[in-house]
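Reproduced below: entry-v1.cif, with mmCIF, C-alpha atoms.
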data_entry
loop_
_atom_site.label_atom_id
_atom_site.label_comp_id
_atom_site.auth_asym_id
_atom_site.auth_seq_id
_atom_site.Cartn_x
_atom_site.Cartn_y
_atom_site.Cartn_z
CA MET A 1 2.00 21.35 7.43
CA ASP A 2 -1.60 20.86 6.31
CA LEU A 3 -2.95 21.46 2.80
CA GLY A 4 -4.65 24.74 3.73
CA GLN A 5 -1.43 26.23 5.07
CA ARG A 6 0.43 25.03 1.96
CA VAL A 7 -2.10 26.71 -0.37
CA LYS A 8 -1.95 29.92 1.67
CA ASN A 9 1.87 29.92 1.55
CA LEU A 10 1.94 29.27 -2.20
CA ARG A 11 -0.59 31.99 -3.04
CA GLY A 12 1.62 34.47 -1.16
CA THR A 13 0.39 38.08 -1.39
CA ILE A 14 -2.41 37.40 -3.85
CA ARG A 15 -5.72 38.20 -2.15
CA GLN A 16 -7.89 35.18 -1.43
CA ARG A 17 -10.80 36.39 -3.65
CA GLU A 18 -8.46 37.11 -6.55
CA PHE A 19 -6.80 33.73 -6.12
CA ALA A 20 -10.20 31.98 -6.12
CA ARG A 21 -11.10 33.82 -9.35
CA ARG A 22 -7.83 32.67 -10.97
CA CYS A 23 -8.55 29.12 -9.84
CA LYS A 24 -12.13 29.34 -11.19
CA VAL A 25 -13.30 28.14 -7.77
CA ASP A 26 -15.75 29.76 -5.37
CA ALA A 27 -14.01 32.05 -2.85
CA SER A 28 -15.67 30.26 0.07
CA THR A 29 -14.09 26.99 -1.10
CA ILE A 30 -10.58 28.48 -1.03
CA ASN A 31 -11.36 30.03 2.36
CA LYS A 32 -12.49 26.68 3.78
CA ILE A 33 -9.43 24.88 2.35
CA GLU A 34 -7.09 27.45 3.88
CA LYS A 35 -8.88 27.23 7.26
CA GLY A 36 -8.61 23.44 7.16
CA SER A 37 -12.35 22.77 7.30
CA LEU A 38 -12.35 21.40 3.72
CA ILE A 39 -9.74 19.39 1.85
CA GLY A 40 -11.31 19.82 -1.58
CA THR A 41 -11.41 17.48 -4.53
CA LEU A 42 -8.63 16.48 -6.86
CA ASP A 43 -10.28 18.66 -9.51
CA ILE A 44 -10.01 21.69 -7.20
CA HIS A 45 -6.39 20.84 -6.41
CA ILE A 46 -5.63 20.72 -10.13
CA LYS A 47 -7.27 24.14 -10.60
CA ILE A 48 -5.16 25.53 -7.75
CA CYS A 49 -2.03 24.11 -9.37
CA GLN A 50 -2.96 25.59 -12.77
CA ALA A 51 -3.50 29.00 -11.20
CA LEU A 52 -0.12 28.78 -9.47
CA GLY A 53 1.67 27.21 -12.43
CA ILE A 54 2.86 24.24 -10.38
CA SER A 55 2.44 20.46 -10.41
CA LEU A 56 0.34 18.43 -7.98
CA SER A 57 3.50 16.98 -6.46
CA THR A 58 4.72 20.51 -5.75
CA LEU A 59 1.39 21.37 -4.12
CA TYR A 60 1.53 18.27 -1.91
CA LYS A 61 5.23 18.58 -1.04
CA GLY A 62 5.52 18.62 2.75
CA VAL A 63 1.76 18.29 3.32
CA TYR A 64 1.03 16.02 6.29
CA GLU A 65 4.51 14.46 6.01
CA GLU A 66 5.26 15.12 9.68
CA LYS A 67 2.38 12.78 10.57
CA ILE A 68 3.89 9.87 8.63
CA ASN A 69 6.54 7.93 10.49
CA PRO A 70 9.01 6.53 7.93
CA PHE A 71 9.90 3.67 10.27
CA GLU A 72 7.48 1.27 11.90
CA SER A 73 8.64 -1.33 14.38
CA ILE A 74 6.43 -4.35 14.89
CA SER A 75 7.47 -6.82 17.57
CA HIS A 76 4.63 -9.25 16.87
CA PRO A 77 1.44 -9.31 14.82
CA GLU A 78 -1.26 -7.34 16.62
CA GLU A 79 -4.18 -8.53 14.55
CA LYS A 80 -5.64 -11.98 14.92
CA PRO A 81 -4.46 -14.21 12.11
CA LEU A 82 -6.57 -14.69 9.02
CA ILE A 83 -7.49 -18.35 8.65
CA TYR A 84 -8.52 -19.46 5.16
CA ASN A 85 -8.97 -23.10 6.05
CA ARG A 86 -7.59 -25.42 8.69
CA GLN A 87 -4.30 -25.75 6.84
CA VAL A 88 -3.46 -22.09 6.05
CA ILE A 89 -2.93 -19.16 8.44
CA ARG A 90 -1.82 -15.62 7.52
CA HIS A 91 -0.30 -13.16 10.01
CA ILE A 92 -0.17 -9.60 8.68
CA LEU A 93 3.04 -7.92 9.83
CA ALA A 94 2.06 -4.24 9.65
CA LYS A 95 -0.12 -1.90 11.66
CA ASN A 96 -2.82 0.07 9.86
CA ILE A 97 -2.07 -1.62 6.55
CA LEU A 98 -4.68 0.38 4.70
CA PHE A 99 -2.96 3.68 5.40
CA ASN A 100 0.30 4.81 3.81
CA LYS A 101 1.44 1.29 2.96
CA LYS A 102 2.66 0.20 -0.44
CA MET A 103 3.37 -3.40 0.44
CA LEU A 104 1.81 -6.12 2.56
CA PRO A 105 4.25 -8.24 4.59
CA GLU A 106 2.84 -11.48 5.99
CA ILE A 107 3.90 -14.72 7.63
CA LEU A 108 2.05 -17.51 5.87
CA THR A 109 1.83 -20.82 7.76
CA LEU A 110 0.81 -23.93 5.85
CA ASP A 111 0.25 -27.34 7.39
CA PRO A 112 1.35 -30.34 5.32
CA GLY A 113 -0.77 -30.33 2.16
CA GLY A 114 -1.90 -26.74 2.83
CA LEU A 115 -2.69 -24.88 -0.39
CA VAL A 116 -3.22 -21.21 -1.29
CA GLU A 117 -4.41 -20.30 -4.78
CA GLU A 118 -3.90 -16.72 -5.92
CA GLY A 119 -4.47 -14.54 -8.93
CA LEU A 120 -3.81 -10.96 -7.94
CA PRO A 121 -4.80 -7.81 -9.88
CA PRO A 122 -2.64 -6.56 -12.78
CA ASP A 123 0.63 -4.83 -11.80
CA SER A 124 0.86 -6.88 -8.58
CA GLN A 125 4.16 -8.32 -7.43
CA LYS A 126 4.99 -10.81 -4.70
CA PHE A 127 8.17 -11.83 -2.92
CA ILE A 128 8.26 -15.20 -1.15
CA PHE A 129 10.97 -16.35 1.28
CA VAL A 130 10.75 -19.82 2.85
CA LEU A 131 11.52 -19.77 6.57
CA GLU A 132 10.62 -23.42 7.27
CA GLY A 133 9.41 -26.38 5.24
CA LYS A 134 9.23 -27.21 1.55
CA ILE A 135 6.96 -25.30 -0.84
CA ALA A 136 5.83 -25.83 -4.42
CA ILE A 137 4.78 -22.76 -6.38
CA GLU A 138 2.91 -23.58 -9.56
CA THR A 139 1.42 -21.72 -12.51
CA LYS A 140 -0.19 -23.30 -15.55
CA LYS A 141 3.24 -23.29 -17.24
CA ASP A 142 5.86 -23.50 -14.49
CA LYS A 143 6.63 -25.19 -11.19
CA TYR A 144 9.17 -24.06 -8.59
CA THR A 145 10.21 -25.92 -5.46
CA LEU A 146 11.63 -23.91 -2.58
CA ASP A 147 13.42 -25.13 0.54
CA PRO A 148 14.26 -23.06 3.65
CA ASP A 149 16.31 -19.92 2.92
CA GLN A 150 15.25 -19.90 -0.73
CA SER A 151 13.14 -17.19 -2.29
CA LEU A 152 11.11 -16.36 -5.38
CA TYR A 153 10.18 -12.96 -6.75
CA ILE A 154 6.99 -12.96 -8.82
CA THR A 155 7.08 -9.90 -11.09
CA ASP A 156 3.56 -10.51 -12.43
CA ALA A 157 1.45 -11.89 -9.58
CA SER A 158 -1.70 -11.50 -11.69
CA VAL A 159 -0.72 -14.83 -13.28
CA GLU A 160 -2.74 -17.45 -11.41
CA HIS A 161 -0.46 -19.41 -9.11
CA SER A 162 -0.61 -21.66 -6.09
CA LEU A 163 1.55 -22.15 -3.02
CA LYS A 164 1.50 -25.64 -1.54
CA ASN A 165 3.29 -27.22 1.37
CA ILE A 166 4.74 -30.41 -0.14
CA GLY A 167 6.70 -31.36 2.98
CA SER A 168 5.75 -33.48 5.96
CA THR A 169 6.09 -30.63 8.51
CA THR A 170 4.51 -27.17 8.86
CA ALA A 171 5.90 -24.60 6.42
CA LYS A 172 6.36 -20.89 7.20
CA LEU A 173 6.86 -18.27 4.52
CA LEU A 174 7.56 -14.58 4.62
CA THR A 175 5.59 -13.02 1.77
CA VAL A 176 5.51 -9.40 0.66
CA THR A 177 2.83 -8.28 -1.80
CA HIS A 178 2.79 -4.99 -3.70
CA PRO A 179 0.43 -3.17 -3.72
CA VAL A 180 -1.54 -3.96 -0.56
CA ILE A 181 -4.26 -6.42 -1.50
CA LEU A 182 -6.48 -8.11 1.06
#

Let me see whether you can do it: turn the structure in this file into structure tokens.
Amino acid sequence: MDLGQRVKNLRGTIRQREFARRCKVDASTINKIEKGSLIGTLDIHIKICQALGISLSTLYKGVYEEKINPFESISHPEEKPLIYNRQVIRHILAKNILFNKKMLPEILTLDPGGLVEEGLPPDSQKFIFVLEGKIAIETKKDKYTLDPDQSLYITDASVEHSLKNIGSTTAKLLTVTHPVIL
């Protein structure tokens, strides 16, 4: 269901002009929202919720959900890899990562000596699982060494840290970052 249909359903038998007056919004705005030619602003959505005595989550419940597939199968990365330097390659493992995604899964490939330095925004988290090779993860205070099949969960990825391949062969890591940060 789209937002316009949801608003129309929630207003029920209240006439559109009366509903617009209660929302303190122009009647043409409500009309356009209900027709689907206008989505409206968050401020307008809040006014609609106040007039109906509901929360925003109640207003949005079921809106556009049928267009979101809860499962996404990816057989191989479709995008070309991101290459930071000759020793580090990132393969993003999700389609349309900017839409409806709350995490960013990647395969990170580091040649021997390859180094990635990160300091992500506040409230960022990162999970790292070593598929191949030997990795050192360092902050100013701590150092962790991971071998294949070992993992590390970074609960505060805003702390500056580095990932370095300290082995003599190529290292591959599965990393998952929350939220999506490119």

- prompt: Given the choices A:Gln16, A:Thr145, A:Ser57, A:Thr175, which gets closest to Thr109 of chain A if the distance is worked out from all atoms listed in the file?
  reply: A:Thr175

Using all atoms listed in the file: which of A:Thr177, A:Thr139, A:Gln5, A:Gln87 has the shortest distance to Ile33 of chain A: A:Gln5

- request: Tell me, in Å to one decimal, how far atom CA of Lys24 of chain A is from atom CA of Gln50 of chain A.
  value: 10.0 Å

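Minimum atom-to-atom distances from A:Ser168, A:Ser162, A:Gln150, A:Thr13 to Leu131 of chain A were compared using only C-alpha atoms, and the lowest value belongs to A:Gln150.
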
- prompt: Got a sec: who's within 12 Å of Val88 of chain A, counting only C-alpha atoms, leaving out chain neighbours fewer than 5 positions off, as a PyMOL selection string?
  reply: chain A and resi 81-83+107-117+163-165+170-173

Generate the output file for the selected residues, C-alpha atoms, as a CSV table (one decimal), in the frame of the given file.
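That gives us selection23.csv:
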chain,number,residue,atom,x,y,z
A,81,PRO,CA,-4.5,-14.2,12.1
A,82,LEU,CA,-6.6,-14.7,9.0
A,83,ILE,CA,-7.5,-18.4,8.6
A,107,ILE,CA,3.9,-14.7,7.6
A,108,LEU,CA,2.0,-17.5,5.9
A,109,THR,CA,1.8,-20.8,7.8
A,110,LEU,CA,0.8,-23.9,5.8
A,111,ASP,CA,0.2,-27.3,7.4
A,112,PRO,CA,1.4,-30.3,5.3
A,113,GLY,CA,-0.8,-30.3,2.2
A,114,GLY,CA,-1.9,-26.7,2.8
A,115,LEU,CA,-2.7,-24.9,-0.4
A,116,VAL,CA,-3.2,-21.2,-1.3
A,117,GLU,CA,-4.4,-20.3,-4.8
A,163,LEU,CA,1.6,-22.2,-3.0
A,164,LYS,CA,1.5,-25.6,-1.5
A,165,ASN,CA,3.3,-27.2,1.4
A,170,THR,CA,4.5,-27.2,8.9
A,171,ALA,CA,5.9,-24.6,6.4
A,172,LYS,CA,6.4,-20.9,7.2
A,173,LEU,CA,6.9,-18.3,4.5

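Among A:Glu34, A:Leu174, A:Glu106, A:Arg6, the residue with the shortest atom-to-atom distance to Val130 of chain A, counting only C-alpha atoms, is A:Leu174.
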